[in-house]
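Each remark here refers to the structure printed beneath this line.
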Amino acid sequence: MHIPDGILPLGLSLGGWAIAAGLTALSLNRIAAQPDPRAGLPRAAMMTAAFFAASLIHIPVPPSSVHLVLPGLMGAMLGWYALPAILIGLAFQAVMFGHGGLTTLGVNAVILGLPALAAFGLTRALGHLTQRAAAAIVGFATGAGAVLLAVALFAAILLAGLPAHLDAGAERAAITALALAHLPLALAEGMVVVAVLGFLRRTSPEMIVAR
Amino acid sequence: MSERDIVLSSIAKPLIAALLLAGPAAAHGAFVDMGTTEAVAIQARYDTGALMAGAQVSVFAPDNPALPWLTGMTDADGRFVFVPDDRAGQWAVQVRQAGHGAMGYVTVGTDGAAITVTASRTGLSWAQRLLMAASVVWGCIGTALYFRRLRPAEPA
């Protein structure tokens, strides 16, 4: 779910940058308002590493393969730090491996950043539930829902920017196939969030306080 | 003109006239002009190594980077072959499928014959990717350790 350079029209790329800049400014503003803005940095740095490396792990979903994207985990673990972390992770992925691109960095940050912020909101609203089953359901919904939202944003942006000379039917079919291939990934990421939050709840509950 | 030539001519002339009147329907003969030419062959893969089968190919001529000169689709092996015309300059080839894709460039020389591949990104080896990923991950861990160490020194 990384749109590379040269796929989207200029307007969409610029719009993506504008929205990403706005969301980043909002996030940094909220981080600065915290009592100790530096307190979340070690965790944000570690999660950036996980986010960066996760995209290199390919899970075969015949006929193609998908890779972990982790927007739900980023949002649930990092809160307002999620967006800057995603932006930095995406920039490294684009520069080092050509996953995504620099012109589309803004768009990609929106595709993964909005679901991360939604996951943060869900965690903040319902993360206080202590019953194991309820916490597991919320965690799963966070991880799986964030992937589904990211796929929906990805498909919508691609379809909005489809150039006239392309075979729209074939491209729509390819996008549909890709979206369907991400359904098992949504399940997997839902379970990742449940496992990570469950582990933290047992070992160091103070770490999962969403800010 | 001999007697024999006249006889031949009197037979041939109506015959030729009949053929001409019959028009294209009577042209059952066909010819195939064959020759060799220099073509550009591409093969598109994802960075996982998977072939990009059925991906859409757009070829852009040097004088119009906005509107494709040729569009097509890769075959089951991710291959596509095209023959650029004699317009000199850099031709761009884009292969895309479901929002993923890449560009490649070939240059046609001024004589119209020489085609050179100017830019075609090749995949990184497994070891290269691992080393690059490890460097970035280590940078993140270093950042985490730095700010973790800094915290106790902070005035409360």
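Here, A, B, ... name the chains of the structure tokens in the order displayed, residue numbers run from 1 inside each chain, and ligands are numbered from 1 in the same displayed order.
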Within 9 Å of region 34-42 of chain B, counting only C-alpha atoms, which residues qualify if same-chain residues fewer than 3 places away don't, as a list in words?
Thr74, Gly78, Arg79, Phe80, Val81, Phe82, Val83, Pro84, Val93, Gly104, Val106, Ala113, Ala114, Ile115 and Val117 of chain B
Just-selected residues, N, CA and C atoms written as a PDB file, in the first residue's frame:
ATOM      1  N   THR B  74       1.209  -6.429 -20.254  1.00  0.00           N
ATOM      2  CA  THR B  74       2.247  -7.449 -20.188  1.00  0.00           C
ATOM      3  C   THR B  74       1.612  -8.831 -20.269  1.00  0.00           C
ATOM      4  N   GLY B  78       5.065 -11.261 -17.593  1.00  0.00           N
ATOM      5  CA  GLY B  78       5.411  -9.871 -17.318  1.00  0.00           C
ATOM      6  C   GLY B  78       6.168  -9.208 -18.451  1.00  0.00           C
ATOM      7  N   ARG B  79       6.115  -9.800 -19.658  1.00  0.00           N
ATOM      8  CA  ARG B  79       6.899  -9.258 -20.775  1.00  0.00           C
ATOM      9  C   ARG B  79       6.055  -8.386 -21.687  1.00  0.00           C
ATOM     10  N   PHE B  80       6.742  -7.431 -22.321  1.00  0.00           N
ATOM     11  CA  PHE B  80       6.098  -6.563 -23.306  1.00  0.00           C
ATOM     12  C   PHE B  80       7.188  -6.104 -24.264  1.00  0.00           C
ATOM     13  N   VAL B  81       6.882  -6.151 -25.562  1.00  0.00           N
ATOM     14  CA  VAL B  81       7.872  -5.761 -26.567  1.00  0.00           C
ATOM     15  C   VAL B  81       7.267  -4.690 -27.456  1.00  0.00           C
ATOM     16  N   PHE B  82       8.032  -3.633 -27.719  1.00  0.00           N
ATOM     17  CA  PHE B  82       7.540  -2.622 -28.657  1.00  0.00           C
ATOM     18  C   PHE B  82       8.695  -2.098 -29.489  1.00  0.00           C
ATOM     19  N   VAL B  83       8.337  -1.549 -30.640  1.00  0.00           N
ATOM     20  CA  VAL B  83       9.332  -0.979 -31.542  1.00  0.00           C
ATOM     21  C   VAL B  83       9.094   0.524 -31.608  1.00  0.00           C
ATOM     22  N   PRO B  84       9.986   1.321 -31.026  1.00  0.00           N
ATOM     23  CA  PRO B  84       9.804   2.768 -31.119  1.00  0.00           C
ATOM     24  C   PRO B  84      10.016   3.238 -32.544  1.00  0.00           C
ATOM     25  N   VAL B  93       8.819   4.310 -20.462  1.00  0.00           N
ATOM     26  CA  VAL B  93       7.905   3.172 -20.395  1.00  0.00           C
ATOM     27  C   VAL B  93       7.425   3.041 -18.956  1.00  0.00           C
ATOM     28  N   GLY B 104      10.701   3.001 -16.821  1.00  0.00           N
ATOM     29  CA  GLY B 104      11.989   2.672 -17.415  1.00  0.00           C
ATOM     30  C   GLY B 104      12.209   3.607 -18.601  1.00  0.00           C
ATOM     31  N   VAL B 106      14.375   4.403 -22.375  1.00  0.00           N
ATOM     32  CA  VAL B 106      15.300   4.020 -23.440  1.00  0.00           C
ATOM     33  C   VAL B 106      15.539   5.254 -24.296  1.00  0.00           C
ATOM     34  N   ALA B 113      18.451   4.405 -35.317  1.00  0.00           N
ATOM     35  CA  ALA B 113      18.696   2.969 -35.230  1.00  0.00           C
ATOM     36  C   ALA B 113      19.115   2.542 -33.827  1.00  0.00           C
ATOM     37  N   ALA B 114      20.044   3.277 -33.260  1.00  0.00           N
ATOM     38  CA  ALA B 114      20.621   2.816 -32.001  1.00  0.00           C
ATOM     39  C   ALA B 114      19.677   3.074 -30.834  1.00  0.00           C
ATOM     40  N   ILE B 115      19.303   2.036 -30.139  1.00  0.00           N
ATOM     41  CA  ILE B 115      18.459   2.174 -28.950  1.00  0.00           C
ATOM     42  C   ILE B 115      19.295   1.737 -27.749  1.00  0.00           C
ATOM     43  N   VAL B 117      19.324   1.431 -23.433  1.00  0.00           N
ATOM     44  CA  VAL B 117      18.552   1.497 -22.193  1.00  0.00           C
ATOM     45  C   VAL B 117      19.259   2.471 -21.268  1.00  0.00           C
TER      46      VAL B 117
END
Can you tell me, as a PyMOL selection string, what residues are no more than 12 Å from Glu171 (chain A) when counting only C-alpha atoms, ignoring any on the same chain fewer than 3 positions away?
(chain A and resi 155+158-159+161-168+174-178) or (chain B and resi 54-57+73+95-100)
Interface list for chain B, partner chain A, 7 Å threshold, only C-alpha atoms, as a VMD selection string:
chain B and resid 97 to 101 133 137 140 to 141 143 to 145 147 to 148
A:Met77, A:Leu183, A:Ala54, A:Val110: which is nearest Gly127 (chain A), counting only C-alpha atoms?
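Smallest separation from Gly127 (chain A) among the options: A:Met77.
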Let's see if you can do this: from backbone DSSP, list all alpha helix (DSSP H) residues in chain A, as a PyMOL selection string.
chain A and resi 10-32+41-54+71-78+82-97+105-126+132-160+168-181+183-203
Deliver the residues from the most recent selection as a file, using C-alpha atoms, as a compact mmCIF listing (two decimals), in the first residue's frame.
# COMPACT_ATOMS: atom_id res chain seq x y z
CA LEU A 10 0.11 16.31 -9.49
CA GLY A 11 -3.02 17.63 -7.77
CA LEU A 12 -3.48 14.50 -5.68
CA SER A 13 0.21 14.39 -4.71
CA LEU A 14 0.14 18.02 -3.60
CA GLY A 15 -3.17 17.52 -1.79
CA GLY A 16 -1.69 14.52 0.01
CA TRP A 17 1.31 16.59 1.08
CA ALA A 18 -0.99 19.37 2.33
CA ILE A 19 -3.15 17.02 4.39
CA ALA A 20 -0.12 15.15 5.73
CA ALA A 21 1.50 18.46 6.73
CA GLY A 22 -1.67 19.52 8.53
CA LEU A 23 -1.97 16.22 10.39
CA THR A 24 1.72 16.31 11.32
CA ALA A 25 1.41 19.87 12.61
CA LEU A 26 -1.60 18.86 14.70
CA SER A 27 0.25 15.82 16.06
CA LEU A 28 3.40 17.79 16.91
CA ASN A 29 1.24 20.43 18.57
CA ARG A 30 -0.42 17.81 20.77
CA ILE A 31 2.94 16.21 21.56
CA ALA A 32 4.39 19.59 22.55
CA LEU A 41 10.40 9.39 21.89
CA PRO A 42 12.17 6.11 22.73
CA ARG A 43 9.00 4.18 22.11
CA ALA A 44 8.24 6.17 18.96
CA ALA A 45 11.75 5.43 17.66
CA MET A 46 11.38 1.71 18.35
CA MET A 47 7.97 1.59 16.69
CA THR A 48 9.37 3.48 13.68
CA ALA A 49 11.94 0.71 13.34
CA ALA A 50 9.22 -1.93 13.54
CA PHE A 51 7.05 -0.06 11.04
CA PHE A 52 9.98 0.37 8.65
CA ALA A 53 11.05 -3.26 8.81
CA ALA A 54 7.51 -4.65 8.73
CA PRO A 71 -1.16 1.33 11.11
CA GLY A 72 -3.37 0.01 13.92
CA LEU A 73 -0.42 -0.98 16.11
CA MET A 74 1.27 2.38 15.47
CA GLY A 75 -1.85 4.30 16.49
CA ALA A 76 -2.60 2.15 19.53
CA MET A 77 1.00 2.22 20.78
CA LEU A 78 2.06 5.75 19.91
CA ALA A 82 2.14 7.82 15.32
CA LEU A 83 1.97 10.30 12.46
CA PRO A 84 5.55 11.66 12.67
CA ALA A 85 6.75 8.06 13.14
CA ILE A 86 4.87 6.88 10.05
CA LEU A 87 6.16 9.82 8.03
CA ILE A 88 9.77 9.04 8.96
CA GLY A 89 9.30 5.32 8.33
CA LEU A 90 7.74 5.96 4.93
CA ALA A 91 10.53 8.36 3.98
CA PHE A 92 13.14 5.70 4.74
CA GLN A 93 11.17 3.05 2.85
CA ALA A 94 10.93 5.36 -0.18
CA VAL A 95 14.58 6.38 -0.20
CA MET A 96 16.11 3.00 0.64
CA PHE A 97 13.88 0.51 -1.12
CA LEU A 105 5.07 10.58 0.59
CA GLY A 106 2.25 12.89 1.66
CA VAL A 107 -0.44 10.70 0.12
CA ASN A 108 1.04 7.56 1.65
CA ALA A 109 1.31 9.25 5.05
CA VAL A 110 -2.40 10.09 4.82
CA ILE A 111 -3.29 6.52 3.72
CA LEU A 112 -1.56 5.05 6.79
CA GLY A 113 -1.72 8.05 9.15
CA LEU A 114 -5.49 8.52 9.20
CA PRO A 115 -6.11 4.85 10.13
CA ALA A 116 -3.39 5.15 12.80
CA LEU A 117 -5.10 8.19 14.30
CA ALA A 118 -8.45 6.37 14.12
CA ALA A 119 -6.86 3.42 15.92
CA PHE A 120 -5.53 5.85 18.53
CA GLY A 121 -9.01 7.30 18.99
CA LEU A 122 -10.53 3.84 19.39
CA THR A 123 -7.84 2.82 21.89
CA ARG A 124 -8.31 6.01 23.87
CA ALA A 125 -12.09 5.59 23.95
CA LEU A 126 -12.22 1.88 24.75
CA ARG A 132 -9.79 -9.93 28.71
CA ALA A 133 -12.44 -10.66 26.10
CA ALA A 134 -13.49 -7.02 25.71
CA ALA A 135 -9.88 -5.87 25.49
CA ALA A 136 -9.15 -8.53 22.88
CA ILE A 137 -12.13 -7.50 20.77
CA VAL A 138 -11.15 -3.82 20.93
CA GLY A 139 -7.54 -4.65 20.06
CA PHE A 140 -8.57 -6.82 17.15
CA ALA A 141 -10.96 -4.16 15.83
CA THR A 142 -8.16 -1.60 16.12
CA GLY A 143 -5.64 -3.63 14.12
CA ALA A 144 -8.01 -5.04 11.52
CA GLY A 145 -10.08 -1.88 11.12
CA ALA A 146 -6.99 0.26 10.54
CA VAL A 147 -5.84 -2.02 7.69
CA LEU A 148 -9.29 -2.01 6.10
CA LEU A 149 -9.48 1.79 6.34
CA ALA A 150 -6.01 2.10 4.80
CA VAL A 151 -6.99 -0.22 1.92
CA ALA A 152 -10.17 1.78 1.33
CA LEU A 153 -8.21 5.06 1.25
CA PHE A 154 -5.59 3.52 -1.06
CA ALA A 155 -8.22 2.27 -3.52
CA ALA A 156 -10.23 5.49 -3.43
CA ILE A 157 -7.17 7.67 -4.11
CA LEU A 158 -6.00 5.42 -6.95
CA LEU A 159 -9.42 5.38 -8.61
CA ALA A 160 -9.70 9.16 -8.24
CA ALA A 168 -10.06 1.46 -16.29
CA GLY A 169 -11.77 -1.94 -16.14
CA ALA A 170 -8.51 -3.87 -15.89
CA GLU A 171 -7.12 -1.46 -13.31
CA ARG A 172 -10.31 -1.65 -11.22
CA ALA A 173 -10.10 -5.44 -11.32
CA ALA A 174 -6.44 -5.32 -10.24
CA ILE A 175 -7.23 -2.93 -7.38
CA THR A 176 -10.12 -5.15 -6.27
CA ALA A 177 -7.84 -8.19 -6.29
CA LEU A 178 -5.26 -6.32 -4.23
CA ALA A 179 -7.89 -5.17 -1.74
CA LEU A 180 -9.17 -8.74 -1.33
CA ALA A 181 -5.62 -9.96 -0.79
CA LEU A 183 -8.35 -9.21 4.02
CA PRO A 184 -6.15 -11.96 5.55
CA LEU A 185 -3.65 -9.21 6.42
CA ALA A 186 -6.37 -7.34 8.32
CA LEU A 187 -7.00 -10.50 10.38
CA ALA A 188 -3.26 -10.93 10.98
CA GLU A 189 -2.74 -7.33 12.09
CA GLY A 190 -5.79 -7.52 14.33
CA MET A 191 -4.16 -10.47 16.08
CA VAL A 192 -0.81 -8.65 16.23
CA VAL A 193 -2.44 -5.75 18.12
CA VAL A 194 -4.23 -8.16 20.47
CA ALA A 195 -0.98 -10.02 21.16
CA VAL A 196 1.16 -6.90 21.72
CA LEU A 197 -1.40 -5.12 23.92
CA GLY A 198 -2.09 -8.35 25.82
CA PHE A 199 1.62 -8.84 26.44
CA LEU A 200 2.05 -5.26 27.63
CA ARG A 201 -1.03 -5.49 29.82
CA ARG A 202 0.51 -8.48 31.61
CA THR A 203 4.06 -7.15 31.86
